[in-house]
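As stored in query.txt (compact mmCIF, C-alpha atoms):
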```
# COMPACT_ATOMS: atom_id res chain seq x y z
CA MET N 1 -2.32 20.85 13.84
CA ALA N 2 -4.80 20.54 11.00
CA ARG N 3 -5.40 17.59 8.69
CA ILE N 4 -4.69 18.81 5.14
CA LEU N 5 -5.30 16.86 1.93
CA PHE N 6 -2.85 18.07 -0.73
CA LEU N 7 -3.80 17.36 -4.35
CA VAL N 8 -1.30 18.03 -7.12
CA HIS N 9 -1.47 17.33 -10.84
CA ARG N 10 2.14 16.05 -11.02
CA TYR N 11 4.18 14.25 -8.37
CA PRO N 12 6.48 16.94 -6.96
CA HIS N 13 9.49 14.77 -6.10
CA PRO N 14 12.24 15.16 -7.12
CA PRO N 15 11.77 18.96 -7.38
CA ASN N 16 13.60 19.30 -10.70
CA LYS N 17 11.29 21.49 -12.81
CA GLY N 18 9.21 24.61 -12.36
CA ASP N 19 5.80 23.40 -11.20
CA LYS N 20 7.28 20.54 -9.15
CA ILE N 21 9.70 22.86 -7.35
CA ARG N 22 6.96 25.13 -6.00
CA ALA N 23 4.67 22.22 -5.06
CA PHE N 24 7.50 20.40 -3.25
CA HIS N 25 8.45 23.40 -1.12
CA ILE N 26 4.83 24.17 -0.25
CA VAL N 27 4.26 20.57 0.88
CA GLU N 28 7.47 20.55 2.92
CA HIS N 29 6.41 23.81 4.55
CA LEU N 30 2.93 22.53 5.41
CA LEU N 31 4.42 19.39 6.96
CA LYS N 32 6.15 21.52 9.61
CA SER N 33 2.82 22.42 11.20
CA HIS N 34 0.17 20.06 9.86
CA ASP N 35 -0.74 16.45 9.17
CA VAL N 36 -0.66 16.09 5.38
CA ALA N 37 -1.92 13.42 2.99
CA ILE N 38 -1.05 13.71 -0.71
CA GLY N 39 -2.76 12.62 -3.91
CA PHE N 40 -1.18 13.02 -7.35
CA THR N 41 -0.91 11.66 -10.88
CA VAL N 42 2.10 10.53 -12.92
CA THR N 43 2.55 9.67 -16.59
CA PRO N 44 5.15 7.40 -18.25
CA GLY N 45 7.01 10.51 -19.42
CA ASP N 46 7.69 11.48 -15.82
CA SER N 47 10.59 9.93 -13.97
CA GLU N 48 9.57 6.97 -11.82
CA PRO N 49 8.27 8.54 -8.62
CA ASP N 50 10.31 8.15 -5.45
CA MET N 51 7.49 6.71 -3.41
CA ALA N 52 9.66 6.66 -0.30
CA TRP N 53 9.01 10.40 -0.06
CA ALA N 54 5.25 9.93 -0.51
CA ARG N 55 5.15 7.13 2.05
CA SER N 56 6.36 9.56 4.70
CA PHE N 57 2.93 11.19 4.61
CA SER N 58 -0.04 10.07 6.67
CA GLY N 59 -1.72 9.04 3.43
CA ALA N 60 -0.78 8.98 -0.24
CA TYR N 61 -2.28 8.01 -3.59
CA CYS N 62 -0.46 7.68 -6.91
CA GLY N 63 -2.70 7.71 -9.99
CA ARG N 64 -0.88 6.48 -13.08
CA VAL N 65 -2.17 7.90 -16.37
CA SER N 66 -0.83 6.91 -19.77
CA THR N 67 0.10 9.62 -22.23
CA HIS N 68 -2.43 8.14 -24.66
CA SER N 69 -5.22 8.33 -22.07
CA ARG N 70 -4.36 11.92 -21.22
CA MET N 71 -4.43 12.91 -24.89
CA MET N 72 -7.71 11.08 -25.46
CA GLN N 73 -9.38 12.80 -22.52
CA ALA N 74 -8.14 16.21 -23.65
CA GLY N 75 -9.20 15.53 -27.24
CA LEU N 76 -12.73 14.52 -26.25
CA ALA N 77 -13.05 17.67 -24.17
CA ALA N 78 -12.57 19.75 -27.31
CA PHE N 79 -15.96 18.43 -28.51
CA THR N 80 -17.85 18.51 -25.20
CA GLY N 81 -17.27 22.13 -24.26
CA GLU N 82 -14.93 21.32 -21.37
CA SER N 83 -11.44 22.69 -20.82
CA MET N 84 -8.83 20.29 -22.18
CA SER N 85 -6.45 21.25 -19.38
CA VAL N 86 -8.98 20.02 -16.82
CA ALA N 87 -9.96 16.84 -18.66
CA ALA N 88 -6.33 15.82 -19.18
CA PHE N 89 -5.87 15.44 -15.41
CA ARG N 90 -8.99 13.40 -14.71
CA HIS N 91 -8.33 10.10 -12.95
CA THR N 92 -11.07 7.80 -11.64
CA GLY N 93 -8.89 6.22 -8.98
CA LEU N 94 -7.78 9.58 -7.60
CA LYS N 95 -11.40 10.74 -7.49
CA ARG N 96 -12.39 7.66 -5.45
CA TRP N 97 -9.41 8.15 -3.10
CA VAL N 98 -10.30 11.80 -2.47
CA ALA N 99 -13.92 10.88 -1.73
CA ARG N 100 -12.79 8.17 0.69
CA GLU N 101 -10.31 10.48 2.44
CA ILE N 102 -12.96 13.16 2.86
CA ALA N 103 -15.43 10.64 4.28
CA GLU N 104 -13.04 8.74 6.55
CA SER N 105 -10.21 11.05 7.64
CA LYS N 106 -12.33 14.21 7.46
CA PRO N 107 -9.58 16.68 6.48
CA ASP N 108 -9.90 20.19 7.85
CA LEU N 109 -8.79 21.67 4.54
CA LEU N 110 -7.82 20.67 1.00
CA PHE N 111 -4.88 22.36 -0.68
CA LEU N 112 -5.05 22.17 -4.48
CA TYR N 113 -2.02 22.74 -6.66
CA SER N 114 -3.32 23.78 -10.12
CA SER N 115 -6.93 24.49 -10.88
CA ALA N 116 -7.48 21.10 -12.58
CA MET N 117 -7.45 19.53 -9.11
CA ALA N 118 -10.65 21.41 -8.22
CA GLN N 119 -12.64 18.84 -10.22
CA TYR N 120 -12.04 16.38 -7.35
CA VAL N 121 -13.55 18.56 -4.61
CA PRO N 122 -17.27 18.14 -3.79
CA GLU N 123 -19.37 21.19 -3.06
CA GLY N 124 -19.10 22.45 0.49
CA VAL N 125 -15.61 21.06 1.17
CA PRO N 126 -13.18 23.90 2.04
CA PHE N 127 -10.06 24.34 -0.06
CA VAL N 128 -7.22 26.69 -0.94
CA LEU N 129 -6.29 26.76 -4.62
CA ASP N 130 -2.81 27.60 -5.89
CA PHE N 131 -3.28 28.63 -9.51
CA VAL N 132 0.45 29.44 -9.70
CA ASP N 133 0.05 31.18 -13.09
CA VAL N 134 -2.99 32.42 -14.99
CA ASP N 135 -2.81 29.49 -17.38
CA SER N 136 -5.64 30.75 -19.58
CA GLU N 137 -3.38 33.67 -20.49
CA LYS N 138 -0.74 31.23 -21.71
CA TRP N 139 -3.30 29.68 -24.06
CA ARG N 140 -4.34 33.15 -25.19
CA GLN N 141 -0.71 33.98 -25.97
CA TYR N 142 -0.45 30.77 -27.97
CA GLY N 143 -3.54 31.88 -29.85
CA ASP N 144 -1.78 35.13 -30.77
CA THR N 145 1.56 33.62 -31.80
CA GLN N 146 0.95 30.16 -33.27
CA PRO N 147 0.16 29.40 -36.94
CA VAL N 148 -3.26 30.62 -38.04
CA ALA N 149 -4.68 27.08 -38.31
CA LYS N 150 -4.10 26.51 -34.58
CA ARG N 151 -5.17 29.88 -33.24
CA TRP N 152 -8.88 29.14 -32.89
CA PHE N 153 -8.03 25.96 -30.97
CA TYR N 154 -5.84 27.75 -28.41
CA ARG N 155 -8.25 30.68 -28.05
CA MET N 156 -11.08 28.24 -27.38
CA GLU N 157 -9.08 26.60 -24.60
CA ALA N 158 -8.22 30.03 -23.16
CA ARG N 159 -11.93 30.90 -22.90
CA ARG N 160 -12.97 27.56 -21.44
CA LEU N 161 -10.16 27.39 -18.90
CA LEU N 162 -10.77 30.96 -17.74
CA ALA N 163 -14.46 30.19 -17.19
CA PHE N 164 -13.53 27.09 -15.15
CA ASP N 165 -10.91 29.01 -13.15
CA ARG N 166 -13.32 31.80 -12.25
CA THR N 167 -15.83 29.23 -10.97
CA GLN N 168 -13.20 27.51 -8.84
CA ALA N 169 -11.86 30.79 -7.46
CA ALA N 170 -15.40 31.60 -6.32
CA ARG N 171 -15.55 28.26 -4.47
CA ALA N 172 -12.10 28.54 -2.90
CA ARG N 173 -11.30 30.18 0.42
CA ALA N 174 -8.13 31.64 -1.11
CA ALA N 175 -6.63 31.75 -4.60
CA LEU N 176 -2.84 31.90 -4.76
CA PHE N 177 -0.56 33.19 -7.53
CA VAL N 178 3.19 33.14 -8.03
CA SER N 179 3.62 36.90 -8.47
CA ASP N 180 1.88 40.23 -8.06
CA ASP N 181 1.73 40.43 -11.87
CA GLU N 182 -0.20 37.15 -12.15
CA LYS N 183 -2.47 38.25 -9.31
CA ARG N 184 -3.22 41.56 -11.06
CA ILE N 185 -4.05 39.73 -14.29
CA PHE N 186 -6.56 37.51 -12.48
CA ASP N 187 -7.90 40.51 -10.54
CA ARG N 188 -8.82 41.94 -13.94
CA LEU N 189 -10.18 38.70 -15.41
CA SER N 190 -12.10 37.65 -12.28
CA PRO N 191 -12.94 40.85 -10.39
CA GLU N 192 -15.70 39.16 -8.42
CA THR N 193 -13.11 37.00 -6.59
CA ALA N 194 -10.31 39.59 -6.29
CA ALA N 195 -10.62 39.80 -2.50
CA LYS N 196 -9.44 36.17 -2.28
CA HIS N 197 -6.35 36.57 -4.49
CA VAL N 198 -2.94 36.34 -2.79
CA ALA N 199 0.55 36.49 -4.33
CA ILE N 200 3.19 34.18 -2.84
CA ALA N 201 6.48 34.29 -4.75
CA ASN N 202 8.71 31.34 -5.55
CA GLY N 203 12.01 30.89 -3.81
CA VAL N 204 15.30 29.14 -4.45
CA ASP N 205 17.05 26.49 -2.37
CA MET N 206 20.11 28.65 -1.77
CA ALA N 207 22.05 25.87 -0.07
CA PHE N 208 21.60 23.63 -3.12
CA PHE N 209 22.20 26.33 -5.72
CA ASP N 210 25.45 27.45 -4.13
CA PRO N 211 28.37 27.85 -6.56
CA ARG N 212 30.84 27.10 -3.76
CA LYS N 213 29.47 23.54 -3.54
CA VAL N 214 29.56 22.72 -7.25
CA GLN N 215 32.42 21.54 -9.45
CA ALA N 216 31.95 23.42 -12.72
CA ARG N 217 32.36 21.49 -15.96
CA ALA N 218 35.46 22.25 -17.99
CA ASN N 219 34.68 24.25 -21.14
CA ASP N 220 37.21 24.87 -23.89
CA ALA N 221 35.38 27.90 -25.28
CA PRO N 222 33.09 30.70 -24.04
CA THR N 223 29.79 29.03 -23.21
CA ILE N 224 26.20 30.25 -23.17
CA VAL N 225 23.73 28.01 -21.30
CA PHE N 226 19.94 27.65 -21.38
CA VAL N 227 18.26 25.33 -18.86
CA GLY N 228 14.67 24.07 -19.11
CA MET N 229 12.32 21.23 -19.99
CA MET N 230 12.75 20.91 -23.71
CA ASP N 231 9.32 19.59 -24.65
CA TYR N 232 7.65 22.80 -23.39
CA TRP N 233 6.73 25.15 -26.22
CA PRO N 234 7.94 28.47 -24.70
CA ASN N 235 11.36 26.85 -24.08
CA ILE N 236 11.44 25.37 -27.59
CA ASP N 237 10.64 28.78 -29.04
CA ALA N 238 13.29 30.46 -26.86
CA VAL N 239 16.20 28.19 -27.82
CA SER N 240 15.19 28.12 -31.49
CA TRP N 241 15.09 31.91 -31.60
CA PHE N 242 18.43 32.19 -29.81
CA ALA N 243 20.22 29.56 -31.92
CA ASN N 244 18.89 30.78 -35.25
CA ALA N 245 18.77 34.55 -34.83
CA ILE N 246 20.77 35.71 -31.80
CA LEU N 247 23.75 33.35 -31.68
CA PRO N 248 24.93 34.34 -35.21
CA LEU N 249 25.08 37.98 -34.04
CA VAL N 250 27.14 36.98 -31.00
CA ARG N 251 29.51 35.03 -33.24
CA LEU N 252 30.36 38.13 -35.26
CA SER N 253 32.66 39.08 -32.38
CA HIS N 254 33.05 35.74 -30.58
CA ALA N 255 33.37 33.09 -33.26
CA ARG N 256 34.23 30.23 -30.86
CA VAL N 257 31.27 30.70 -28.52
CA ARG N 258 29.20 27.59 -27.70
CA PHE N 259 25.50 27.35 -26.90
CA GLN N 260 24.41 24.53 -24.57
CA ILE N 261 20.74 23.59 -24.35
CA VAL N 262 20.38 21.67 -21.08
CA GLY N 263 17.13 19.89 -20.29
CA ALA N 264 15.13 16.69 -20.53
CA ARG N 265 12.89 15.49 -23.35
CA PRO N 266 14.17 17.63 -26.25
CA THR N 267 11.79 17.52 -29.19
CA ALA N 268 12.92 16.74 -32.72
CA ALA N 269 13.03 20.48 -33.44
CA VAL N 270 15.34 21.05 -30.48
CA ARG N 271 17.56 18.08 -31.31
CA ALA N 272 17.92 19.43 -34.84
CA LEU N 273 19.47 22.61 -33.44
CA GLY N 274 22.37 20.47 -32.21
CA ALA N 275 23.43 19.82 -35.81
CA ALA N 276 24.71 23.39 -36.08
CA PRO N 277 28.37 24.00 -35.20
CA GLY N 278 28.85 25.01 -31.58
CA VAL N 279 25.32 24.10 -30.46
CA GLU N 280 24.99 21.23 -27.97
CA VAL N 281 21.71 19.62 -26.91
CA THR N 282 22.43 17.59 -23.78
CA GLY N 283 19.06 16.02 -23.08
CA ALA N 284 18.42 15.03 -19.45
CA VAL N 285 21.35 15.47 -17.07
CA ASP N 286 21.73 14.24 -13.50
CA ASP N 287 22.50 17.73 -12.21
CA VAL N 288 22.18 21.05 -14.06
CA ARG N 289 24.40 22.92 -11.61
CA PRO N 290 27.80 22.00 -13.13
CA TYR N 291 26.56 23.31 -16.50
CA VAL N 292 25.29 26.54 -14.96
CA ALA N 293 28.42 26.97 -12.85
CA ALA N 294 30.59 26.72 -15.98
CA ALA N 295 28.49 29.14 -18.04
CA ASP N 296 29.96 32.46 -19.07
CA VAL N 297 26.37 33.58 -19.62
CA VAL N 298 23.02 32.03 -18.64
CA VAL N 299 20.26 33.05 -21.05
CA ALA N 300 16.47 33.04 -20.79
CA PRO N 301 15.28 34.54 -24.12
CA LEU N 302 11.62 33.74 -23.50
CA ARG N 303 9.03 35.37 -25.76
CA ILE N 304 6.14 33.56 -24.03
CA ALA N 305 6.42 33.50 -20.24
CA ARG N 306 3.99 33.00 -17.38
CA GLY N 307 4.84 33.51 -13.75
CA ILE N 308 8.25 33.43 -12.10
CA GLN N 309 10.96 31.75 -14.15
CA ASN N 310 12.95 29.42 -11.90
CA LYS N 311 15.66 29.16 -14.55
CA VAL N 312 16.36 32.88 -14.09
CA LEU N 313 16.42 32.69 -10.28
CA GLU N 314 18.62 29.58 -10.28
CA GLY N 315 21.13 31.11 -12.70
CA MET N 316 21.28 34.19 -10.48
CA ALA N 317 21.60 32.06 -7.33
CA MET N 318 24.62 30.36 -8.93
CA ALA N 319 26.19 33.83 -9.28
CA ARG N 320 26.29 33.70 -13.06
CA PRO N 321 25.66 36.64 -15.39
CA VAL N 322 22.08 36.25 -16.65
CA VAL N 323 20.71 37.74 -19.88
CA THR N 324 16.95 37.59 -20.26
CA THR N 325 13.93 39.16 -21.88
CA SER N 326 11.87 41.50 -19.73
CA GLY N 327 8.90 39.11 -20.05
CA ALA N 328 10.85 36.42 -18.21
CA LEU N 329 11.33 38.79 -15.27
CA GLU N 330 7.71 38.77 -14.14
CA GLY N 331 7.73 38.66 -10.36
CA ILE N 332 11.50 39.14 -10.21
CA ASN N 333 12.25 42.76 -9.34
CA ALA N 334 15.92 42.58 -10.25
CA VAL N 335 17.56 45.72 -11.63
CA ASP N 336 18.80 45.70 -15.22
CA GLY N 337 22.50 46.51 -15.29
CA ARG N 338 23.00 45.75 -11.60
CA ASP N 339 21.66 42.21 -11.05
CA LEU N 340 21.35 40.98 -14.64
CA LEU N 341 21.03 42.25 -18.21
CA THR N 342 17.87 42.41 -20.32
CA GLY N 343 16.94 42.78 -23.96
CA ASN N 344 13.83 42.13 -26.03
CA THR N 345 15.07 42.19 -29.62
CA GLU N 346 17.62 39.97 -31.28
CA ALA N 347 20.10 42.85 -31.44
CA GLU N 348 19.56 43.81 -27.78
CA LEU N 349 19.99 40.27 -26.48
CA ALA N 350 23.08 39.66 -28.62
CA ALA N 351 24.59 42.95 -27.45
CA ALA N 352 23.97 42.03 -23.80
CA VAL N 353 25.65 38.63 -24.24
CA VAL N 354 28.61 40.20 -26.04
CA ARG N 355 28.89 42.80 -23.29
CA VAL N 356 29.43 40.00 -20.77
CA LEU N 357 31.82 38.04 -23.00
CA ASP N 358 33.84 41.20 -23.67
CA GLY N 359 34.16 41.91 -19.95
CA ARG N 360 32.24 45.18 -20.29
CA ALA N 361 29.41 44.14 -17.96
CA PRO N 362 29.75 45.04 -14.26
CA GLN N 363 32.43 42.79 -12.76
CA ASP N 364 30.21 41.99 -9.78
CA LEU N 365 27.14 41.13 -11.89
CA GLY N 366 27.11 37.49 -10.75
CA ALA N 367 27.69 38.36 -7.09
CA ALA N 368 24.94 40.99 -7.23
CA ALA N 369 22.60 38.41 -8.78
CA ARG N 370 23.11 35.95 -5.93
CA ALA N 371 22.76 38.70 -3.34
CA PHE N 372 19.44 39.74 -4.91
CA VAL N 373 18.05 36.20 -4.74
CA LEU N 374 19.21 35.83 -1.15
CA GLY N 375 17.40 39.03 -0.25
CA HIS N 376 14.15 38.43 -2.11
CA HIS N 377 13.62 34.76 -2.99
CA GLU N 378 14.40 32.48 -0.07
CA TRP N 379 11.65 29.90 0.42
CA SER N 380 11.45 30.24 4.21
CA ALA N 381 10.73 33.96 3.97
CA ASN N 382 8.28 33.78 1.07
CA LEU N 383 6.24 30.92 2.49
CA GLY N 384 5.62 32.74 5.76
CA LYS N 385 2.59 34.28 4.05
CA LEU N 386 1.26 30.78 3.36
CA ASP N 387 0.80 30.19 7.09
CA GLU N 388 -1.47 33.24 7.24
CA VAL N 389 -3.52 32.01 4.28
CA VAL N 390 -3.99 28.53 5.76
CA ALA N 391 -4.86 29.90 9.21
CA HIS N 392 -7.46 32.23 7.69
CA ALA N 393 -8.94 29.39 5.60
CA LEU N 394 -9.21 27.15 8.63
CA ALA N 395 -10.70 29.91 10.78
CA ALA N 396 -13.45 30.50 8.22
CA ASP N 397 -15.31 27.49 9.62
```
Spell out the structure here as structure tokens.
Amino acid sequence: MARILFLVHRYPHPPNKGDKIRAFHIVEHLLKSHDVAIGFTVTPGDSEPDMAWARSFSGAYCGRVSTHSRMMQAGLAAFTGESMSVAAFRHTGLKRWVAREIAESKPDLLFLYSSAMAQYVPEGVPFVLDFVDVDSEKWRQYGDTQPVAKRWFYRMEARRLLAFDRTQAARARAALFVSDDEKRIFDRLSPETAAKHVAIANGVDMAFFDPRKVQARANDAPTIVFVGMMDYWPNIDAVSWFANAILPLVRLSHARVRFQIVGARPTAAVRALGAAPGVEVTGAVDDVRPYVAAADVVVAPLRIARGIQNKVLEGMAMARPVVTTSGALEGINAVDGRDLLTGNTEAELAAAVVRVLDGRAPQDLGAAARAFVLGHHEWSANLGKLDEVVAHALAAD
């Protein structure tokens, strides 16, 4: 049993959003074989952390950072040449705690979730770094799609973050990614560290996302559902595009159809979509499963997507027909027309949704979706590779 210090940029409990889900399951997996201490940060926008979970570890540190402080640190970085993504997650108390843990408990290995956590690791201390996604590519995509006035800003962050990430990958004993696609991207961007890159796919808690255990909400009309954090730009763009450009095409043949946008912290732009007839913005809900279980179609019309989309896997696990863009299928090798339906234009996505609503999609589409997730995205199977990575990192000493 090794002593592992796990550092994560956001407290992963409860596991109710993308980055927290992966971090939570990795921690739970490590706890089966190792002694784990955890350090993390939270902001007022996060739900109050359930510290009972953290107290079950052999050591834990919670660094509270105000939204204002995070924004100030990121803003200053824009003028100092540092990556804003790294500066935003700087916390003096967490830094002191890490130094004390290294000196006193002498961990055998550090496990870092997100590259920003690498700023806390002194030279010579061994660590494994889970990049999850190639985040610099997200910033580059923003730089290609946002208004001209913002493009230079996003492209600058893409360059700075990539430079930081390459440096940290060189220091790490292993660099993890959520899919083979993300790994190949970083292979290309950081060829000097490619031998360390490992893809470990996300999974789904199939016992939790089990339609047999969920009471579906009652809907009085055909319902299309999108699930996601609604202050995240790719999600905002997706629901705005669907509500404004795709939903009107669907309504040409299904006038009563409803579009539910389910997710916490909707921005003003998202809330405004709810003013349109048949569009509902729920805000935060206690449990997304009853909404998904009642959906005639689950949609993921993402035009900007990095890594594996949990919303796609969870919709499939709930045995619902899923309609998505091909970009949102990175790392999910589902078959179009068998496990789900895809489209990349407004007309293609609308046609796929109508195909389901008309009953012209395969009758077993939902069942095939769940079977696919069971066969390819169970956590226990996917995290088996993590044991090999940790063992190799420990043996390197």
message: Using only C-alpha atoms, list the residues that have an atom at most 9 Å from (19.6, 45.7, -21.4), coordinates as in the file, as a PyMOL selection string.
response: chain N and resi 323-326+336-337+340-344+348-349+351-352
Can you write out the residues you just picked, keeping C-alpha atoms, as an mmCIF file, in the coordinates of the input?
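That gives us result-v1.cif:
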```cif
data_model
loop_
_atom_site.group_PDB
_atom_site.id
_atom_site.type_symbol
_atom_site.label_atom_id
_atom_site.label_comp_id
_atom_site.auth_asym_id
_atom_site.auth_seq_id
_atom_site.Cartn_x
_atom_site.Cartn_y
_atom_site.Cartn_z
ATOM 1 C CA VAL N 323 20.710 37.740 -19.880
ATOM 2 C CA THR N 324 16.950 37.590 -20.260
ATOM 3 C CA THR N 325 13.930 39.160 -21.880
ATOM 4 C CA SER N 326 11.870 41.500 -19.730
ATOM 5 C CA ASP N 336 18.800 45.700 -15.220
ATOM 6 C CA GLY N 337 22.500 46.510 -15.290
ATOM 7 C CA LEU N 340 21.350 40.980 -14.640
ATOM 8 C CA LEU N 341 21.030 42.250 -18.210
ATOM 9 C CA THR N 342 17.870 42.410 -20.320
ATOM 10 C CA GLY N 343 16.940 42.780 -23.960
ATOM 11 C CA ASN N 344 13.830 42.130 -26.030
ATOM 12 C CA GLU N 348 19.560 43.810 -27.780
ATOM 13 C CA LEU N 349 19.990 40.270 -26.480
ATOM 14 C CA ALA N 351 24.590 42.950 -27.450
ATOM 15 C CA ALA N 352 23.970 42.030 -23.800
#
```
Sorted per-residue table, region 199-256 of chain N near region 5-16 of chain N, closest atoms and distance, 12 Å, all atoms listed in the file, as CSV:
```
residue,atom,partner,partner_atom,distance
N:Val204,CA,N:Pro15,CA,11.2
N:Asp205,CA,N:Pro15,CA,10.5
N:Phe208,CA,N:Pro15,CA,11.7
N:Val227,CA,N:Asn16,CA,11.2
N:Gly228,CA,N:Asn16,CA,9.7
N:Met229,CA,N:Asn16,CA,9.6
```
Output C-alpha atoms for every residue in the selection just made, as a PDB file, in the coordinates of the input.
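Result file follows (again.pdb):
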```
ATOM      1  CA  VAL N 204      15.300  29.140  -4.450  1.00  0.00           C
ATOM      2  CA  ASP N 205      17.050  26.490  -2.370  1.00  0.00           C
ATOM      3  CA  PHE N 208      21.600  23.630  -3.120  1.00  0.00           C
ATOM      4  CA  VAL N 227      18.260  25.330 -18.860  1.00  0.00           C
ATOM      5  CA  GLY N 228      14.670  24.070 -19.110  1.00  0.00           C
ATOM      6  CA  MET N 229      12.320  21.230 -19.990  1.00  0.00           C
TER       7      MET N 229
END
```
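As for CA of Val121 (chain N) and CA of Val98 (chain N), they are spaced 7.8 Å apart.
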- request: Go ahead and find all residues with at least one atom no further than 12 Å from (-14.0, 34.9, -11.1) in the file's coordinates, using only C-alpha atoms; report them as a ChimeraX atom specification.
  value: /N:134,161-172,175,185-197
Could you make a table, as a Markdown table, of the residues of region 130-154 of chain N that have an atom within 12 Å of an atom of region 23-46 of chain N, each with its nearest atom pair and distance in Å to one decimal, counting all atoms listed in the file, in chain and number order?
```
| residue | atom | partner | partner_atom | distance |
| --- | --- | --- | --- | --- |
| N:Asp130 | CA | N:Ala23 | CA | 9.3 |
| N:Phe131 | CA | N:Ala23 | CA | 11.1 |
| N:Val132 | CA | N:Ala23 | CA | 9.6 |
```
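Proximity of N:Thr345, N:Gly263, N:Ser240, N:Ile224 to Pro321 (chain N), computed with all atoms listed in the file, is greatest for N:Ile224.
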- request: To one decimal in Å, tell me the separation between CA of Val353 (chain N) and CA of Val270 (chain N).
  value: 21.3 Å
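Coordinates place CA of Lys17 (chain N) at a distance of 11.8 Å from CA of Asp287 (chain N).
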task: Would you mind listing what lies within 12 Å of Gly81 (chain N) as a PyMOL selection string, with all atoms listed in the file counted and same-chain residues fewer than 3 positions away left out?
output: chain N and resi 74-78+84-87+156-157+159-161+163-164
- request: Identify, on the basis of all atoms listed in the file, every residue whose closest approach to Glu314 (chain N) does not exceed 9 Å; exclude the query and any residue fewer than 6 positions from it along the same chain; express the result as number ranges by chain.
  value: N: 204-206, 209, 289, 292, 370, 373
Go ahead and dump the residues you just picked, C-alpha atoms, as a PDB file, in the frame of the given file.
```
ATOM      1  CA  VAL N 204      15.300  29.140  -4.450  1.00  0.00           C
ATOM      2  CA  ASP N 205      17.050  26.490  -2.370  1.00  0.00           C
ATOM      3  CA  MET N 206      20.110  28.650  -1.770  1.00  0.00           C
ATOM      4  CA  PHE N 209      22.200  26.330  -5.720  1.00  0.00           C
ATOM      5  CA  ARG N 289      24.400  22.920 -11.610  1.00  0.00           C
ATOM      6  CA  VAL N 292      25.290  26.540 -14.960  1.00  0.00           C
ATOM      7  CA  ARG N 370      23.110  35.950  -5.930  1.00  0.00           C
ATOM      8  CA  VAL N 373      18.050  36.200  -4.740  1.00  0.00           C
TER       9      VAL N 373
END
```
- request: Compile the contact shell of Thr145 (chain N) as a ChimeraX atom specification: residues with an atom at most 12 Å away, counting all atoms listed in the file, same-chain residues fewer than 2 positions apart removed.
  value: /N:138-143,147-152,154-155,233-234,237,303-304
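Of the listed residues N:Glu378, N:Glu101, N:Glu280, N:Asp231, the one whose atoms come nearest to Tyr61 (chain N) is N:Glu101, with distances taken using only C-alpha atoms.
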- request: Point out the residue among N:Ser114, N:Ser56, N:Gln260, N:Asn219 with the least atom-to-atom distance to Leu129 (chain N), counting all atoms listed in the file.
  value: N:Ser114
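Neighbours of Arg258 (chain N) closer than or equal to 7 Å, with all atoms listed in the file counted and sequence neighbours fewer than 3 positions away skipped, come out as N:Ala221, N:Pro222, N:Thr223, N:Ile224, N:Gly278, N:Val279.
Comparing N:Ala347, N:Leu109, N:Ala395, N:Met318 by their smallest distance to Tyr291 (chain N), the closest is N:Met318 (using all atoms listed in the file).
Nearest to Ala174 (chain N) of all the residues N:Met316, N:Arg217, N:Leu112, N:Met117 is N:Leu112, counting all atoms listed in the file.
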